[in-house]
Every structure is written in C-alpha cells, then in structure tokens.
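To keep things clear, I will list the structure first and then write my remarks on it.
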Amino acid sequence: MVKFLTEEELQKTFALANDAVYFATPNGQTKYYGFGKQAELIGASFAQVKTWLATLKNDENKPVFGGFAFDKQQIADSKLMNGYFIQPAVVYDVINHEMLGLPIDLVRQTTTFDTNVMQITDETDWPSRIQTAIDDMKQNKQHEKVVLGRQRQVTLSDPLDEQRLLSKLQNSQSTSYHFVLKHCGELFVSATPERLVKVTGGQLSTAAVAGTIKRGADSVSDQALADELWHDSKNRVEHETVVAEIKERLQAANVKSLQVPTEPQILKTPQVQHLYTPITGQLASDSSLLEIAAELHPTPALGGKPRDWALAEIAQIEKMPRGLFSGPIGMMTMDGDGEFIVGIRSMWYRKNLATLFAGAGILAASDAQMEYQETGLKLLPMMNLLKEQINND
C-alpha cells in the first residue's frame with residue numbers, strides 16, 4: 001500500500017520537483033498538490049485549452065491546473081507566464097486523502113539556504129503615469145474605470161526556500177486562495193481573495209471584489225475602517241460597476257436563476273478589507289466552466305469599463321506585460337467541474353529574482369498618491385513571504 005504523504009512531506013516534495021502545483025481554497029474544502037508532468041500546454045488560450053482537454057486521458061478524473069495570461073502581450077523570457085496548463089503525473093487530494101496517479105521518482109538536490117539580502121526596485125513614477133488615465137476619465141464620462149498595475153522587482157542573494165514559502169503562505173494567508181505553479185525553474189505564487197468562477201454539478205458561483213481599505217490596529221478601528229469603506233461613494237461606485245458588469249455578462253451567457261445581493265459585504269484579508277458581493281446561478285446545458293471564464297475575463301475589477309478602452313490604457317500605461325498576474329488561474333476536472341480564481345496578490349520568481357504585482361481600480365475621483373499607497377498594501381502578502389526567507393535564519 002502506498003503511503004500518503006504528510007503536509008510537510010508534500011511541501012518538501014514540491015521543493016524537489018521540476019514541475020509542481022499547489023492549490024487550496026480559503027474555506028478548507030479543497031487542497032491539491034500535483035507533481036511531475038503527464039501532459040502540458042504552453043501559451044494557452046481558452047480555445048486551445050478546450051481542444052487540449054479533449055485529448056487527455058480521463059483516468060481517475062485527474063485534475064489539470066494552470067492559468068491564462070491576462071492579455072496577448074508576451075513575456076519573452078518565460079515558459080510559464082504567457083499561459084500554461086499541466087496535468088500532473090500524480091495528484092494528492094489532501095482533503096479526501098486520495099492519490100491520483102502513481103508516485104514519481106524525484107531527483108534529490110541539495111540546496112543551502114543562507115540569509116537572503118534583498119534589493120528592491122519600485123515603479124516610483126507610477127502615480128504620475130496613472131494621472132493621465134484619471135485626467136482622461138474626468139474629460140470623458142464614458143470612460144468609467146481602469147485597473148492599473150505596478151510591479152516591484154526584488155533581487156535575492158540566494159535561492160528561494162520553496163518548502164518554507166508554502167508553509168508561510170498557509171500560515172499567513174489563511175483567508176485567501178493559494179495557487180503556486182512551478183515549471184522550468186519558474187514559480188508563480190498567488191494569495192488571492194478573489195474567485196472568478198466556480199462550477200460544481202452545473203451550479204455556478206462567482207463574486208465581485210472591488211473597493212479597498214486598510215485593516216485597523218484593533219477590532220474597534222478595524223470596524224470603523226470597514227464602515228468607512230462601506231459608505232465611501234468612490235468605492236461603492238467602483239464596486240457597483242463591477243457587480244453590474246458581471247451580472248450583464250452572465251445574462252449574456254444564458255446563466256439561469258441569478259442571485260445577486262443588493263448590497264455588498266466586507267471581505268477581510270490580513271492586509272486589507274474589500275467590498276464583496278457573492279453571485280450564484282445555474283449553468284446553461286450547452287455552456288461550460290471555460291466558456292464562462294472566457295466571458296467574465298477580465299472583469300471590471302481587473303480590467304475596467306468599457307473593456308476595450310481599459311485594455312488599451314493598461315497596455316499603454318503599464319511598463320511591462322502582466323503575464324499570469326490578474327489572469328484566470330486554477331483547476332478543472334475531466335467531468336467539467338472546477339474553479340478559476342484571479343491571479344492577484346502575486347509573485348513571479350526565477351533565478352533569484354522575484355517580480356511582485358499589485359493593482360488598483362482607477363476612477364475619475366481617484367487620488368493617484370492614495371492609489372499608490374493602496375497598491376503598497378496589496379504587495380505586502382508576497383513581501384512578507386520573501387521577508388520570511390530572511391528572518392527565519
């Protein structure tokens with residue numbers, strides 16, 4: 001009988017594998033580790049993934065994992081960030097204590113982890129660049145919102161300790177989704193609070209997450225900030241724009257029995273609080289998880305409104321392509337179920353260089369410097385993972 005690995009052994013195996021994935025939901029009902037490569041698709045589009053899925057072996061309903069790039073801009077030196085999907089050789093379903101596939105032999109490698117010195121490079125001109133979008137929206141009322149991202153480059157003196165990273169991710173970001181994809185020496189990590197779409201037996205679930213404020217130092221100040229966010233007109237307009245657009249796109253995809261609450265809730269992560277509206281419905285018989293994901297991406301929470309104008313602004317104002325940042329990432333099973341989340345609060349790591357990503361919804365009423373501060377808060381989940389590599393020695 002094959003021994004089922006402990007969490008620590010799974011994390012260690014992840015660090016040793018050339019190809020690996022880790023996916024977990026914040027409700028604790030789903031947690032997968034995958035190792036090795038049974039099949040892969042590089043540079044994936046929605047249509048390509050649909051065709052690719054039809055070629056896979058349907059053994060044990062083994063899941064596939066991966067992500068779509070945010071847009072068609074290419075990152076020249078990456079085999080991962082332009083879209084990548086993998087069916088692992090073996091998948092460990094931690095919650096159900098099941099192993100799909102046969103264990104694989106890993107090449108044991110010895111790496112010495114010393115205290116890492118970090119060098120940080122930020123986009124300090126970001127506020128002045130996004131001001132052009134604010135000025136445009138003030139002049140043109142049809143341009144309602146654009147989500148603009150910034151990147152932070154962090155150079156480490158030594159390799160990332162992936163086993164420690166997974167452990168810290170679980171301990172420090174327990175209220176978020178976890179997604180870590182490893183391929184060809186590259187690592188993409190996300191601790192996102194945001195689901196794009198989930199399908200289970202034809203039941204569809206998605207959510208609008210837009211509008212942000214910091215956490216308080218204690219429960220009283222935290223609640224005061226939550227109340228401030230809930231009543232803030234700029235954040236409420238931003239959130240309602242996202243809710244209305246998601247509802248419109250789901251109706252266009254013939255989703256039935258839509259349930260959309262009239263007022264948002266507050267969603268808390270360790271660093272920030274968001275306005276949050278859960279949305280549910282029934283998938284049409286001729287539709288699929290992939291088709292809904294393609295219809296929703298990018299939502300106004302990651303792109304903007306109108307969509308074409310926002311995408312053009314993103315391509316013009318942002319210095320570098322996003323890759324998997326803010327793209328749909330997640331998993332699917334062969335029976336059509338699965339879940340895509342949005343690849344925010346994320347990091348791309350390769351060759352001792354980590355690129356951190358954060359974005360903010362920009363409206364005509366936005367203050368560029370305040371938005372810069374907000375993105376700084378959103379960089380903290382990944383910065384804290386990197387700092388753990390230093391402070392734990």
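The chains in the structure tokens are called A, B, ... from first to last as shown; in each chain the residues are counted from 1, and the ligands are counted from 1 in the order shown.
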What lies within 6 Å of region 155-161 of chain A using only C-alpha atoms, ignoring chain neighbours under 4 positions off, as a list of chain:residue names? A:Asn116, A:Val117, A:Met118, A:Gln119, A:Asn352, A:Leu353
Hey, what's within 12 Å of Gln74 (chain A) if we count only C-alpha atoms and toss same-chain stuff fewer than 2 positions away? As a PyMOL selection string, please? chain A and resi 43-44+68-72+76-83+315+320-324
To test your reading of the structure, identify every residue in region 9-107 of chain A that backbone DSSP assigns to alpha helix (DSSP H), and report it as an MDAnalysis selection string. chainID A and resid 9:16 46:53
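The closest residue to Leu10 (chain A), picked from A:Leu41, A:Val94, A:Ile86, A:Leu204 and counting only C-alpha atoms, is A:Val94.
For the choices A:Gln131, A:Ser257, A:Thr280, A:Gln139, the atom-to-atom distance to Met370 (chain A) is smallest for A:Gln131 when using only C-alpha atoms.
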Contacts of Asp93 (chain A) at 7 Å (only C-alpha atoms; same-chain gap of 5+ positions) as JSON, numbers by chain: {"A": [31, 32, 33, 98, 99]}
Run DSSP on the backbone and tell me which residues of region 152-258 of chain A come out as strand (DSSP E or B); list them as a PyMOL selection string. chain A and resi 152-156+178-183+186-190+195-200+203-214+256-258
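Nearest residue to Leu100 (chain A), choosing from A:Tyr276, A:Phe4, A:Trp348, A:Trp309 and counting only C-alpha atoms: A:Phe4.
Residue nearest Asp337 (chain A) within the list A:Val242, A:Leu363, A:Pro63, A:Asp135: A:Pro63 [criterion: smallest interatomic distance, only C-alpha atoms].
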Name all residues at most 6 Å from region 209-215 of chain A (count only C-alpha atoms; drop same-chain ones fewer than 3 positions away) and give them as a PyMOL selection string. chain A and resi 222+235+239+271-276+301
Residues at most 10 Å from Ser288 (chain A), counting only C-alpha atoms, excluding those fewer than 5 positions away in the same chain, as a ChimeraX atom specification? /A:50,199,202,204,253,283,293-294,336-337
